[in-house]
Amino acid sequence: MKPLGHYLKPEVWRTPEGCLIILSAAMPLAFATWMSLLNNFVVEKADFGLAEIGILQSVREIPGLLVVSALLFLLFIKERTFGLMALILLGVGVAVTGFYPSAFGLYVTTVIMSFGFHYYETVQMSLTLQWVDKERAPLSMGRQLSARSIASIIAYGMIWVIFTFFGLDYKWVYLAGGTMTILMVLFVVLAFPSYSPKEVQHKKMILRKRYWLFYALTFMGGARRQIFVAFASFMMVVKFDFSVAEITMLYLVNQAINFWLAPKIGKFISRWGERRALICEYIGLILVFSGYALVAEAWIGAVLYVLDHLFFSFAIAQKSYLQKIADPKDIASTSGVSFSINHIPAVFIPVLFGHAFPDEAMWMVFAAGAGMAVISLILAFNVPRDPRPGNEVVIGGTKPLPQAAE
């Protein structure tokens with residue numbers, strides 16, 4: 001292993017990949033703060049129930065549905081610049097959240113935060129697939145996830161200490177989390193030049209028939225993710241009475257494991273391929289969601305929660321699958337389109353499930369999640385072992401293409 005001093009040299013970290021890793025660390029300082037405090041904050045300060053949290057989570061996902069609108073901004077702003085602006089918007093939205101402890105205030109600050117978060121996420125994915133070679137992309141995305149985990153551990157650790165020993169008011173913790181993200185964005189602006197993509201990107205929305213399996217996997221991924229984000233941690237608070245410190249410790253465990261495991265998952269995907277990784281992910285999710293539906297002990301719920309979170313790292317396989325089958329000029333547009341597709345179920349599932357199922361029948365939400373994982377597993381078996389332009393699917397593909405474009 002190389003000494004720490006080697007990595008501190010500007011010629012080592014001042015690279016496109018280094019820029020992406022630092023931005024990956026900047027985002028969770030705000031977002032992890034928002035996530036870890038949310039369920040306790042809305043229950044204690046705004047008296048939320050299952051219906052209200054469902055509405056809030058649906059409102060949070062509306063900007064994700066509209067993220068394809070980023071293409072309009074990219075007509076006038078460089079993609080990197082737009083990503084930095086999105087991170088600042090995320091930081092501002094989180095920083096002011098604690099000052100508006102009402103349903104309306106939470107809906108407004110959540111929308112502000114969410115626009116920043118989702119615009120940043122689509123730009124981060126797009127820049128990674130443009131700046132990093134196909135052979136290194138899964139490993140690079142794994143390192144970015146690892147950087148997110150380190151930043152999340154810092155955020156969760158600070159929150160755990162604050163609520164365990166000092167009892168600081170929510171609004172000051174939210175303010176600190178949002179401000180730290182903004183400061184890291186300013187560092188990137190000062191420390192890194194503006195890198196150019198290898199291919200000039202299309203500036204319009206593009207839908208291609210040969211990407212249909214990627215779209216389908218993305219749609220189902222959004223549906224399953226929303227079960228986890230909207231209801232899994234809420235269950236831990238409502239059903240098992242987890243405190244802020246206990247929820248934060250759960251997040252800390254998640255991120256500590258993810259820090260170690262995410263790069264290894266990236267290497268696994270590079271070596272064994274997207275098909276195997278996706279099949280492993282969905283088999284695991286079927287078991288996890290079935291466990292959620294049946295769990296009666298808090299410690300078992302916590303174990304399932306950690307396992308559920310680990311499977312998020314396998315989303316690297318979906319992104320590297322797109323990189324292998326797509327025309328390089330389609331990356332920015334397809335990233336935006338995929339985020340919008342991902343958030344179609346995210347908009348309606350929380351509010352629909354929140355109103356359809358009473359609090360005491362929360363197990364039905366997770367049974368539905370297990371069914372979604374079964375559909376995703378069927379789709380994963382249609383991913384070829386060697387995805388490339390003209391070989392996008394096992395069954396249901398278009399005619400082989402002489403070029404990468406359709």
# chains A, B, ... in the order shown; residues from 1 in each chain; ligands from 1
call {"tool": "select_by_dssp", "arguments": {"residues": "segment 160-362 of chain A", "states": "helix (DSSP H, G or I)", "output": "ChimeraX atom specification"}}
result
/A:160-166,170-191,209-238,244-272,274-294,298-325,328-342,344-356,359-361
call {"tool": "residues_around", "arguments": {"residues": "segment 92-94 of chain A", "least_positions_apart": "2", "cutoff": "12 Å", "atoms": "only C-alpha atoms", "output": "PyMOL selection string"}}
result
chain A and resi 27-38+60+85-90+96-100+105-117+170-183
call {"tool": "atom_distance", "arguments": {"atom1": "atom CA of Asp327 of chain A", "atom2": "atom CA of Leu23 of chain A"}}
result
25.6 Å
call {"tool": "residues_around", "arguments": {"residues": "Ala302 of chain A", "least_positions_apart": "4", "cutoff": "8 Å", "atoms": "only C-alpha atoms", "output": "JSON, numbers by chain"}}
result
{"A": [236, 250, 298, 306]}
call {"tool": "closest_residue", "arguments": {"among": "A:Gly49, A:Gly266, A:Gly157, A:Gly301", "to": "Phe314 of chain A", "atoms": "only C-alpha atoms"}}
result
A:Gly266
call {"tool": "residues_around", "arguments": {"residues": "segment 50-57 of chain A", "least_positions_apart": "5", "cutoff": "12 Å", "atoms": "only C-alpha atoms", "output": "compact mmCIF listing (two decimals) with all heavy atoms, in the first residue's frame"}}
result
# COMPACT_ATOMS: atom_id res chain seq x y z
N MET A 35 -31.54 12.80 6.18
CA MET A 35 -32.13 11.47 6.28
C MET A 35 -32.16 10.96 7.72
O MET A 35 -33.16 10.41 8.19
CB MET A 35 -31.37 10.48 5.40
CG MET A 35 -31.68 10.58 3.93
SD MET A 35 -33.35 10.04 3.52
CE MET A 35 -33.24 8.30 3.91
N LEU A 38 -34.78 12.89 9.84
CA LEU A 38 -36.12 13.13 9.29
C LEU A 38 -37.23 12.46 10.09
O LEU A 38 -38.18 13.14 10.51
CB LEU A 38 -36.17 12.66 7.83
CG LEU A 38 -37.56 12.77 7.19
CD1 LEU A 38 -37.97 14.23 7.04
CD2 LEU A 38 -37.59 12.05 5.85
N ASN A 39 -37.16 11.15 10.29
CA ASN A 39 -38.30 10.44 10.87
C ASN A 39 -38.59 10.89 12.29
O ASN A 39 -39.75 11.09 12.67
CB ASN A 39 -38.06 8.93 10.80
CG ASN A 39 -38.14 8.42 9.38
OD1 ASN A 39 -39.20 8.40 8.77
ND2 ASN A 39 -37.00 8.01 8.83
N ASN A 40 -37.54 11.07 13.09
CA ASN A 40 -37.75 11.56 14.45
C ASN A 40 -38.22 13.01 14.45
O ASN A 40 -39.08 13.40 15.25
CB ASN A 40 -36.47 11.42 15.26
CG ASN A 40 -36.07 9.98 15.46
OD1 ASN A 40 -35.41 9.39 14.60
ND2 ASN A 40 -36.47 9.38 16.57
N PHE A 41 -37.68 13.81 13.54
CA PHE A 41 -38.05 15.23 13.45
C PHE A 41 -39.52 15.39 13.11
O PHE A 41 -40.24 16.17 13.76
CB PHE A 41 -37.17 15.91 12.40
CG PHE A 41 -37.43 17.39 12.25
CD1 PHE A 41 -37.18 18.26 13.30
CD2 PHE A 41 -37.91 17.91 11.06
CE1 PHE A 41 -37.40 19.63 13.16
CE2 PHE A 41 -38.14 19.27 10.91
CZ PHE A 41 -37.88 20.13 11.97
N VAL A 42 -40.01 14.64 12.10
CA VAL A 42 -41.40 14.81 11.69
C VAL A 42 -42.37 14.24 12.72
O VAL A 42 -43.50 14.75 12.87
CB VAL A 42 -41.67 14.19 10.30
CG1 VAL A 42 -40.81 14.83 9.24
CG2 VAL A 42 -41.47 12.67 10.31
N VAL A 43 -41.96 13.20 13.44
CA VAL A 43 -42.83 12.63 14.47
C VAL A 43 -42.90 13.56 15.69
O VAL A 43 -43.98 13.84 16.23
CB VAL A 43 -42.35 11.22 14.87
CG1 VAL A 43 -43.11 10.74 16.11
CG2 VAL A 43 -42.56 10.25 13.73
N ILE A 62 -40.80 14.19 -6.52
CA ILE A 62 -41.26 14.93 -7.71
C ILE A 62 -40.09 15.56 -8.47
O ILE A 62 -40.03 15.45 -9.70
CB ILE A 62 -42.31 15.99 -7.31
CG1 ILE A 62 -43.61 15.30 -6.88
CG2 ILE A 62 -42.58 16.95 -8.47
CD1 ILE A 62 -44.65 16.24 -6.32
N PRO A 63 -39.11 16.22 -7.81
CA PRO A 63 -37.96 16.73 -8.56
C PRO A 63 -37.20 15.63 -9.30
O PRO A 63 -36.65 15.89 -10.38
CB PRO A 63 -37.09 17.36 -7.46
CG PRO A 63 -38.08 17.78 -6.42
CD PRO A 63 -39.09 16.66 -6.40
N GLY A 64 -37.18 14.41 -8.74
CA GLY A 64 -36.52 13.31 -9.46
C GLY A 64 -37.24 12.98 -10.74
O GLY A 64 -36.62 12.67 -11.76
N SER A 102 -43.15 22.43 10.34
CA SER A 102 -44.58 22.25 10.06
C SER A 102 -44.70 21.45 8.78
O SER A 102 -43.73 21.32 8.00
CB SER A 102 -45.28 23.60 9.90
OG SER A 102 -44.80 24.28 8.75
N ALA A 103 -45.90 20.93 8.53
CA ALA A 103 -46.09 20.12 7.32
C ALA A 103 -45.76 20.94 6.08
O ALA A 103 -45.00 20.49 5.21
CB ALA A 103 -47.53 19.60 7.26
N PHE A 104 -46.32 22.15 5.98
CA PHE A 104 -46.07 22.97 4.79
C PHE A 104 -44.60 23.34 4.69
O PHE A 104 -44.01 23.27 3.60
CB PHE A 104 -46.93 24.24 4.85
CG PHE A 104 -46.72 25.16 3.67
CD1 PHE A 104 -47.28 24.86 2.43
CD2 PHE A 104 -45.96 26.31 3.79
CE1 PHE A 104 -47.08 25.69 1.34
CE2 PHE A 104 -45.75 27.15 2.72
CZ PHE A 104 -46.33 26.85 1.47
N GLY A 105 -44.00 23.74 5.80
CA GLY A 105 -42.58 24.10 5.77
C GLY A 105 -41.71 22.94 5.35
O GLY A 105 -40.76 23.11 4.57
N LEU A 106 -42.03 21.74 5.84
CA LEU A 106 -41.25 20.56 5.47
C LEU A 106 -41.42 20.22 3.99
O LEU A 106 -40.46 19.82 3.33
CB LEU A 106 -41.68 19.37 6.33
CG LEU A 106 -41.09 19.34 7.74
CD1 LEU A 106 -41.84 18.37 8.62
CD2 LEU A 106 -39.61 18.98 7.68
N TYR A 107 -42.61 20.40 3.46
CA TYR A 107 -42.82 20.12 2.03
C TYR A 107 -42.00 21.07 1.17
O TYR A 107 -41.37 20.66 0.20
CB TYR A 107 -44.31 20.24 1.67
CG TYR A 107 -45.21 19.23 2.35
CD1 TYR A 107 -46.55 19.49 2.59
CD2 TYR A 107 -44.72 18.00 2.78
CE1 TYR A 107 -47.38 18.57 3.22
CE2 TYR A 107 -45.53 17.07 3.42
CZ TYR A 107 -46.86 17.36 3.64
OH TYR A 107 -47.68 16.44 4.26
N VAL A 108 -41.96 22.35 1.54
CA VAL A 108 -41.22 23.35 0.75
C VAL A 108 -39.72 23.10 0.83
O VAL A 108 -39.02 23.06 -0.21
CB VAL A 108 -41.56 24.77 1.23
CG1 VAL A 108 -40.65 25.80 0.53
CG2 VAL A 108 -43.02 25.10 0.93
N THR A 109 -39.18 22.96 2.04
CA THR A 109 -37.73 22.75 2.16
C THR A 109 -37.31 21.42 1.55
O THR A 109 -36.19 21.30 1.02
CB THR A 109 -37.31 22.80 3.64
OG1 THR A 109 -38.06 21.83 4.40
CG2 THR A 109 -37.54 24.18 4.22
N THR A 110 -38.19 20.43 1.60
CA THR A 110 -37.88 19.14 1.00
C THR A 110 -37.77 19.25 -0.52
O THR A 110 -36.88 18.66 -1.13
CB THR A 110 -38.95 18.10 1.38
OG1 THR A 110 -38.90 17.86 2.78
CG2 THR A 110 -38.73 16.79 0.64
N VAL A 111 -38.65 20.03 -1.14
CA VAL A 111 -38.59 20.22 -2.59
C VAL A 111 -37.28 20.92 -2.98
O VAL A 111 -36.62 20.54 -3.95
CB VAL A 111 -39.81 21.01 -3.09
CG1 VAL A 111 -39.60 21.48 -4.53
CG2 VAL A 111 -41.06 20.15 -3.02
N SER A 114 -34.50 18.51 -2.56
CA SER A 114 -34.61 17.40 -3.49
C SER A 114 -34.20 17.78 -4.90
O SER A 114 -33.59 16.98 -5.62
CB SER A 114 -36.05 16.86 -3.49
OG SER A 114 -36.16 15.72 -4.30
N ARG A 225 -36.50 0.99 -4.26
CA ARG A 225 -35.78 1.96 -3.43
C ARG A 225 -36.73 2.76 -2.55
O ARG A 225 -36.43 3.09 -1.40
CB ARG A 225 -34.98 2.91 -4.33
CG ARG A 225 -34.20 3.97 -3.60
CD ARG A 225 -33.39 4.81 -4.58
NE ARG A 225 -34.25 5.43 -5.56
CZ ARG A 225 -34.88 6.60 -5.39
NH1 ARG A 225 -34.75 7.24 -4.25
NH2 ARG A 225 -35.63 7.10 -6.35
N GLN A 226 -37.92 3.04 -3.10
CA GLN A 226 -38.85 3.86 -2.35
C GLN A 226 -39.44 3.12 -1.16
O GLN A 226 -39.75 3.72 -0.13
CB GLN A 226 -39.96 4.33 -3.28
CG GLN A 226 -40.56 5.67 -2.93
CD GLN A 226 -39.53 6.72 -2.56
OE1 GLN A 226 -39.64 7.34 -1.52
NE2 GLN A 226 -38.51 6.89 -3.39
N ILE A 227 -39.57 1.80 -1.28
CA ILE A 227 -40.02 1.01 -0.14
C ILE A 227 -39.02 1.17 1.00
O ILE A 227 -39.39 1.35 2.17
CB ILE A 227 -40.16 -0.48 -0.51
CG1 ILE A 227 -41.18 -0.66 -1.64
CG2 ILE A 227 -40.56 -1.30 0.71
CD1 ILE A 227 -42.59 -0.32 -1.27
N PHE A 228 -37.74 1.11 0.67
CA PHE A 228 -36.70 1.24 1.68
C PHE A 228 -36.66 2.66 2.26
O PHE A 228 -36.70 2.86 3.48
CB PHE A 228 -35.34 0.90 1.07
CG PHE A 228 -34.17 1.14 1.99
CD1 PHE A 228 -33.83 0.20 2.95
CD2 PHE A 228 -33.42 2.30 1.91
CE1 PHE A 228 -32.76 0.41 3.81
CE2 PHE A 228 -32.35 2.52 2.76
CZ PHE A 228 -32.02 1.58 3.71
N VAL A 229 -36.59 3.66 1.38
CA VAL A 229 -36.40 5.04 1.83
C VAL A 229 -37.61 5.54 2.62
O VAL A 229 -37.46 6.16 3.67
CB VAL A 229 -36.13 5.96 0.62
CG1 VAL A 229 -36.15 7.42 1.03
CG2 VAL A 229 -34.79 5.61 -0.01
N ALA A 230 -38.81 5.27 2.11
CA ALA A 230 -40.01 5.85 2.71
C ALA A 230 -40.49 5.09 3.93
O ALA A 230 -41.03 5.70 4.86
CB ALA A 230 -41.12 5.93 1.67
N PHE A 231 -40.30 3.76 3.95
CA PHE A 231 -40.99 2.98 4.97
C PHE A 231 -40.09 2.16 5.90
O PHE A 231 -40.51 1.86 7.02
CB PHE A 231 -42.02 2.05 4.31
CG PHE A 231 -43.08 2.79 3.54
CD1 PHE A 231 -43.12 2.72 2.16
CD2 PHE A 231 -44.02 3.56 4.20
CE1 PHE A 231 -44.09 3.41 1.45
CE2 PHE A 231 -45.00 4.25 3.50
CZ PHE A 231 -45.03 4.17 2.12
N ALA A 232 -38.89 1.77 5.45
CA ALA A 232 -38.08 0.89 6.29
C ALA A 232 -37.63 1.59 7.57
O ALA A 232 -37.82 1.08 8.68
CB ALA A 232 -36.87 0.38 5.51
N SER A 233 -37.01 2.78 7.45
CA SER A 233 -36.57 3.48 8.65
C SER A 233 -37.76 4.01 9.45
O SER A 233 -37.71 4.08 10.69
CB SER A 233 -35.63 4.63 8.29
OG SER A 233 -36.24 5.54 7.40
N PHE A 234 -38.86 4.37 8.77
CA PHE A 234 -40.06 4.80 9.47
C PHE A 234 -40.60 3.66 10.35
O PHE A 234 -41.06 3.88 11.47
CB PHE A 234 -41.12 5.25 8.46
CG PHE A 234 -42.31 5.92 9.08
CD1 PHE A 234 -42.21 7.19 9.63
CD2 PHE A 234 -43.54 5.29 9.11
CE1 PHE A 234 -43.31 7.82 10.20
CE2 PHE A 234 -44.65 5.91 9.67
CZ PHE A 234 -44.53 7.18 10.23
N MET A 235 -40.51 2.43 9.83
CA MET A 235 -40.92 1.27 10.61
C MET A 235 -40.08 1.13 11.87
O MET A 235 -40.59 0.80 12.95
CB MET A 235 -40.80 -0.01 9.77
CG MET A 235 -41.13 -1.28 10.54
SD MET A 235 -40.73 -2.80 9.63
CE MET A 235 -38.93 -2.77 9.68
N VAL A 237 -38.74 3.44 13.60
CA VAL A 237 -39.14 4.45 14.59
C VAL A 237 -40.51 4.12 15.19
O VAL A 237 -40.70 4.14 16.40
CB VAL A 237 -39.14 5.86 13.96
CG1 VAL A 237 -39.72 6.88 14.95
CG2 VAL A 237 -37.73 6.26 13.55
N VAL A 238 -41.49 3.80 14.32
CA VAL A 238 -42.87 3.62 14.76
C VAL A 238 -43.07 2.26 15.44
O VAL A 238 -43.67 2.16 16.50
CB VAL A 238 -43.84 3.78 13.57
CG1 VAL A 238 -45.25 3.43 13.98
CG2 VAL A 238 -43.78 5.20 13.04
N LYS A 239 -42.57 1.19 14.82
CA LYS A 239 -42.81 -0.15 15.33
C LYS A 239 -41.90 -0.53 16.48
O LYS A 239 -42.32 -1.18 17.44
CB LYS A 239 -42.68 -1.17 14.19
CG LYS A 239 -43.06 -2.59 14.56
CD LYS A 239 -43.05 -3.50 13.34
CE LYS A 239 -43.48 -4.92 13.70
NZ LYS A 239 -43.52 -5.81 12.49
N HIS A 343 -37.95 7.71 -11.01
CA HIS A 343 -38.78 8.41 -10.03
C HIS A 343 -40.26 8.41 -10.37
O HIS A 343 -41.05 8.99 -9.62
CB HIS A 343 -38.26 9.84 -9.86
CG HIS A 343 -36.98 9.90 -9.10
ND1 HIS A 343 -35.76 9.64 -9.68
CD2 HIS A 343 -36.71 10.13 -7.79
CE1 HIS A 343 -34.80 9.73 -8.78
NE2 HIS A 343 -35.37 10.04 -7.62
N PRO A 345 -42.25 5.63 -10.24
CA PRO A 345 -42.87 4.93 -9.09
C PRO A 345 -42.60 5.63 -7.77
O PRO A 345 -43.39 5.52 -6.82
CB PRO A 345 -42.22 3.54 -9.13
CG PRO A 345 -40.92 3.74 -9.83
CD PRO A 345 -41.18 4.81 -10.86
N ALA A 346 -41.47 6.35 -7.68
CA ALA A 346 -41.12 7.00 -6.43
C ALA A 346 -42.12 8.09 -6.05
O ALA A 346 -42.29 8.40 -4.87
CB ALA A 346 -39.71 7.60 -6.52
N VAL A 347 -42.78 8.69 -7.04
CA VAL A 347 -43.73 9.75 -6.77
C VAL A 347 -45.03 9.20 -6.22
O VAL A 347 -45.60 9.74 -5.26
CB VAL A 347 -43.99 10.59 -8.04
CG1 VAL A 347 -45.19 11.51 -7.85
CG2 VAL A 347 -42.75 11.41 -8.38
N PHE A 348 -45.52 8.09 -6.79
CA PHE A 348 -46.84 7.63 -6.36
C PHE A 348 -46.82 6.54 -5.29
O PHE A 348 -47.78 6.39 -4.53
CB PHE A 348 -47.67 7.18 -7.56
CG PHE A 348 -47.24 5.91 -8.22
CD1 PHE A 348 -47.56 4.67 -7.68
CD2 PHE A 348 -46.52 5.92 -9.41
CE1 PHE A 348 -47.18 3.49 -8.28
CE2 PHE A 348 -46.12 4.75 -10.02
CZ PHE A 348 -46.46 3.53 -9.46
N ILE A 349 -45.74 5.75 -5.18
CA ILE A 349 -45.73 4.64 -4.23
C ILE A 349 -45.84 5.10 -2.77
O ILE A 349 -46.66 4.57 -2.01
CB ILE A 349 -44.49 3.75 -4.45
CG1 ILE A 349 -44.75 2.81 -5.64
CG2 ILE A 349 -44.18 2.92 -3.21
CD1 ILE A 349 -43.61 1.89 -5.97
N PRO A 350 -45.06 6.10 -2.30
CA PRO A 350 -45.18 6.48 -0.89
C PRO A 350 -46.58 6.96 -0.50
O PRO A 350 -47.13 6.53 0.51
CB PRO A 350 -44.14 7.59 -0.74
CG PRO A 350 -43.16 7.34 -1.81
CD PRO A 350 -43.96 6.82 -2.97
N VAL A 351 -47.15 7.87 -1.32
CA VAL A 351 -48.46 8.40 -0.95
C VAL A 351 -49.55 7.34 -1.12
O VAL A 351 -50.48 7.24 -0.31
CB VAL A 351 -48.77 9.67 -1.78
CG1 VAL A 351 -48.94 9.37 -3.26
CG2 VAL A 351 -50.00 10.37 -1.23
N LEU A 352 -49.43 6.50 -2.17
CA LEU A 352 -50.42 5.44 -2.38
C LEU A 352 -50.38 4.41 -1.26
O LEU A 352 -51.41 4.08 -0.66
CB LEU A 352 -50.17 4.77 -3.74
CG LEU A 352 -51.09 3.58 -4.08
CD1 LEU A 352 -52.54 4.03 -4.17
CD2 LEU A 352 -50.64 2.93 -5.39
N PHE A 353 -49.18 3.91 -0.96
CA PHE A 353 -49.05 2.90 0.07
C PHE A 353 -49.34 3.49 1.45
O PHE A 353 -49.88 2.82 2.33
CB PHE A 353 -47.65 2.30 0.06
CG PHE A 353 -47.43 1.30 -1.05
CD1 PHE A 353 -48.27 1.25 -2.15
CD2 PHE A 353 -46.38 0.40 -1.00
CE1 PHE A 353 -48.07 0.34 -3.18
CE2 PHE A 353 -46.17 -0.53 -2.01
CZ PHE A 353 -47.03 -0.56 -3.11
N GLY A 354 -48.94 4.77 1.66
CA GLY A 354 -49.18 5.40 2.94
C GLY A 354 -50.66 5.53 3.27
O GLY A 354 -51.06 5.45 4.43
N HIS A 355 -51.49 5.73 2.24
CA HIS A 355 -52.92 5.85 2.45
C HIS A 355 -53.64 4.50 2.34
O HIS A 355 -54.69 4.31 2.95
CB HIS A 355 -53.52 6.84 1.44
CG HIS A 355 -53.27 8.27 1.78
ND1 HIS A 355 -52.09 8.91 1.47
CD2 HIS A 355 -54.03 9.19 2.44
CE1 HIS A 355 -52.14 10.16 1.90
NE2 HIS A 355 -53.31 10.36 2.49
N ALA A 356 -53.09 3.59 1.54
CA ALA A 356 -53.77 2.31 1.31
C ALA A 356 -53.65 1.36 2.50
O ALA A 356 -54.56 0.58 2.77
CB ALA A 356 -53.23 1.65 0.05
N PHE A 357 -52.51 1.44 3.21
CA PHE A 357 -52.27 0.50 4.30
C PHE A 357 -52.25 1.22 5.64
O PHE A 357 -51.52 2.21 5.80
CB PHE A 357 -50.94 -0.22 4.09
CG PHE A 357 -50.82 -0.92 2.76
CD1 PHE A 357 -49.79 -0.61 1.88
CD2 PHE A 357 -51.75 -1.87 2.37
CE1 PHE A 357 -49.68 -1.25 0.65
CE2 PHE A 357 -51.66 -2.50 1.14
CZ PHE A 357 -50.63 -2.20 0.28
N PRO A 358 -53.01 0.75 6.62
CA PRO A 358 -52.95 1.36 7.95
C PRO A 358 -51.61 1.05 8.62
O PRO A 358 -50.89 0.13 8.22
CB PRO A 358 -54.11 0.68 8.69
CG PRO A 358 -54.31 -0.61 7.98
CD PRO A 358 -53.97 -0.36 6.54
N ASP A 359 -51.28 1.85 9.64
CA ASP A 359 -49.99 1.68 10.31
C ASP A 359 -49.77 0.26 10.81
O ASP A 359 -48.66 -0.27 10.76
CB ASP A 359 -49.89 2.64 11.50
CG ASP A 359 -49.74 4.09 11.05
OD1 ASP A 359 -49.94 4.36 9.84
OD2 ASP A 359 -49.45 4.95 11.90
N GLU A 360 -50.84 -0.38 11.31
CA GLU A 360 -50.69 -1.73 11.87
C GLU A 360 -50.55 -2.80 10.79
O GLU A 360 -50.26 -3.97 11.11
CB GLU A 360 -51.88 -2.06 12.77
CG GLU A 360 -53.23 -2.03 12.08
CD GLU A 360 -53.87 -0.64 12.11
OE1 GLU A 360 -53.14 0.34 12.40
OE2 GLU A 360 -55.08 -0.54 11.86
N ALA A 361 -50.76 -2.45 9.52
CA ALA A 361 -50.60 -3.42 8.42
C ALA A 361 -49.41 -3.06 7.54
O ALA A 361 -49.43 -3.30 6.33
CB ALA A 361 -51.89 -3.48 7.58
N MET A 362 -48.37 -2.52 8.16
CA MET A 362 -47.20 -2.10 7.40
C MET A 362 -46.51 -3.28 6.69
O MET A 362 -45.80 -3.11 5.71
CB MET A 362 -46.21 -1.39 8.32
CG MET A 362 -45.22 -0.50 7.61
SD MET A 362 -44.11 0.39 8.75
CE MET A 362 -45.30 1.37 9.68
N VAL A 365 -46.83 -3.47 2.91
CA VAL A 365 -45.93 -2.65 2.09
C VAL A 365 -44.71 -3.47 1.69
O VAL A 365 -44.28 -3.45 0.52
CB VAL A 365 -45.49 -1.40 2.89
CG1 VAL A 365 -44.41 -0.63 2.13
CG2 VAL A 365 -46.69 -0.50 3.17
call {"tool": "closest_residue", "arguments": {"among": "A:Leu207, A:Val383, A:Leu20, A:Ile162", "to": "Tyr120 of chain A", "atoms": "only C-alpha atoms"}}
result
A:Leu20
call {"tool": "residues_around", "arguments": {"residues": "segment 216-223 of chain A", "least_positions_apart": "5", "cutoff": "9 Å", "atoms": "only C-alpha atoms", "output": "VMD selection string"}}
result
chain A and resid 211 315 318 338 to 346 349 369 372 to 373 375 to 376 379 to 380
call {"tool": "residues_around", "arguments": {"residues": "Ser335 of chain A", "least_positions_apart": "4", "cutoff": "12 Å", "atoms": "only C-alpha atoms", "output": "number ranges by chain"}}
result
A: 64, 67-71, 118-130, 201-207, 211, 214-215, 218, 318-320, 322-323, 326, 328-331, 339-342
call {"tool": "closest_residue", "arguments": {"among": "A:Val295, A:Leu145, A:Leu285, A:Ala317", "to": "Ala368 of chain A", "atoms": "only C-alpha atoms"}}
result
A:Leu285
call {"tool": "atom_distance", "arguments": {"atom1": "atom CA of Leu377 of chain A", "atom2": "atom CA of Leu252 of chain A"}}
result
29.1 Å
call {"tool": "residues_around", "arguments": {"residues": "Arg275 of chain A", "least_positions_apart": "5", "cutoff": "9 Å", "atoms": "only C-alpha atoms", "output": "compact mmCIF listing (two decimals) with N, CA, C and O atoms, in the first residue's frame"}}
result
# COMPACT_ATOMS: atom_id res chain seq x y z
N ILE A 269 -18.18 -6.67 -10.00
CA ILE A 269 -18.94 -6.39 -11.23
C ILE A 269 -18.00 -6.35 -12.43
O ILE A 269 -18.32 -6.87 -13.50
N CYS A 280 -27.73 -11.53 -8.18
CA CYS A 280 -27.44 -11.61 -6.74
C CYS A 280 -28.22 -10.56 -5.96
O CYS A 280 -28.78 -10.85 -4.89
N ALA A 317 -24.02 -1.88 -11.18
CA ALA A 317 -24.16 -2.77 -12.33
C ALA A 317 -25.10 -2.20 -13.37
O ALA A 317 -24.87 -2.35 -14.58
N TYR A 321 -23.78 -1.27 -17.08
CA TYR A 321 -24.52 -1.90 -18.19
C TYR A 321 -24.89 -0.85 -19.22
O TYR A 321 -24.70 -1.05 -20.43
N ALA A 380 -33.46 -9.22 -14.78
CA ALA A 380 -32.00 -9.39 -14.70
C ALA A 380 -31.53 -10.59 -15.51
O ALA A 380 -30.43 -10.57 -16.07
N PHE A 381 -32.34 -11.64 -15.59
CA PHE A 381 -31.96 -12.81 -16.38
C PHE A 381 -31.91 -12.48 -17.88
O PHE A 381 -31.36 -13.27 -18.66
N ASN A 382 -32.44 -11.34 -18.28
CA ASN A 382 -32.41 -10.94 -19.69
C ASN A 382 -31.20 -10.09 -20.03
O ASN A 382 -31.01 -9.70 -21.18
N VAL A 383 -30.36 -9.79 -19.05
CA VAL A 383 -29.11 -9.06 -19.31
C VAL A 383 -28.09 -10.04 -19.88
O VAL A 383 -27.83 -11.09 -19.28
N PRO A 384 -27.50 -9.75 -21.03
CA PRO A 384 -26.52 -10.68 -21.61
C PRO A 384 -25.22 -10.71 -20.80
O PRO A 384 -24.92 -9.78 -20.04
N ARG A 385 -24.45 -11.75 -20.97
CA ARG A 385 -23.17 -11.87 -20.26
C ARG A 385 -22.14 -10.89 -20.80
O ARG A 385 -21.21 -10.51 -20.09
N ASP A 386 -22.30 -10.49 -22.06
CA ASP A 386 -21.36 -9.58 -22.70
C ASP A 386 -22.13 -8.42 -23.34
O ASP A 386 -22.27 -8.35 -24.56
call {"tool": "atom_distance", "arguments": {"atom1": "atom CA of Glu246 of chain A", "atom2": "atom CA of Leu168 of chain A"}}
result
16.1 Å
call {"tool": "closest_residue", "arguments": {"among": "A:Ala293, A:Ile286, A:Val337, A:Ile265", "to": "Ala137 of chain A", "atoms": "only C-alpha atoms"}}
result
A:Ile265
call {"tool": "closest_residue", "arguments": {"among": "A:Gly336, A:Gly284, A:Pro16, A:Pro263", "to": "Ser194 of chain A", "atoms": "only C-alpha atoms"}}
result
A:Pro16
call {"tool": "closest_residue", "arguments": {"among": "A:Trp299, A:Tyr156, A:Tyr292, A:Tyr305", "to": "Ala367 of chain A", "atoms": "only C-alpha atoms"}}
result
A:Tyr292
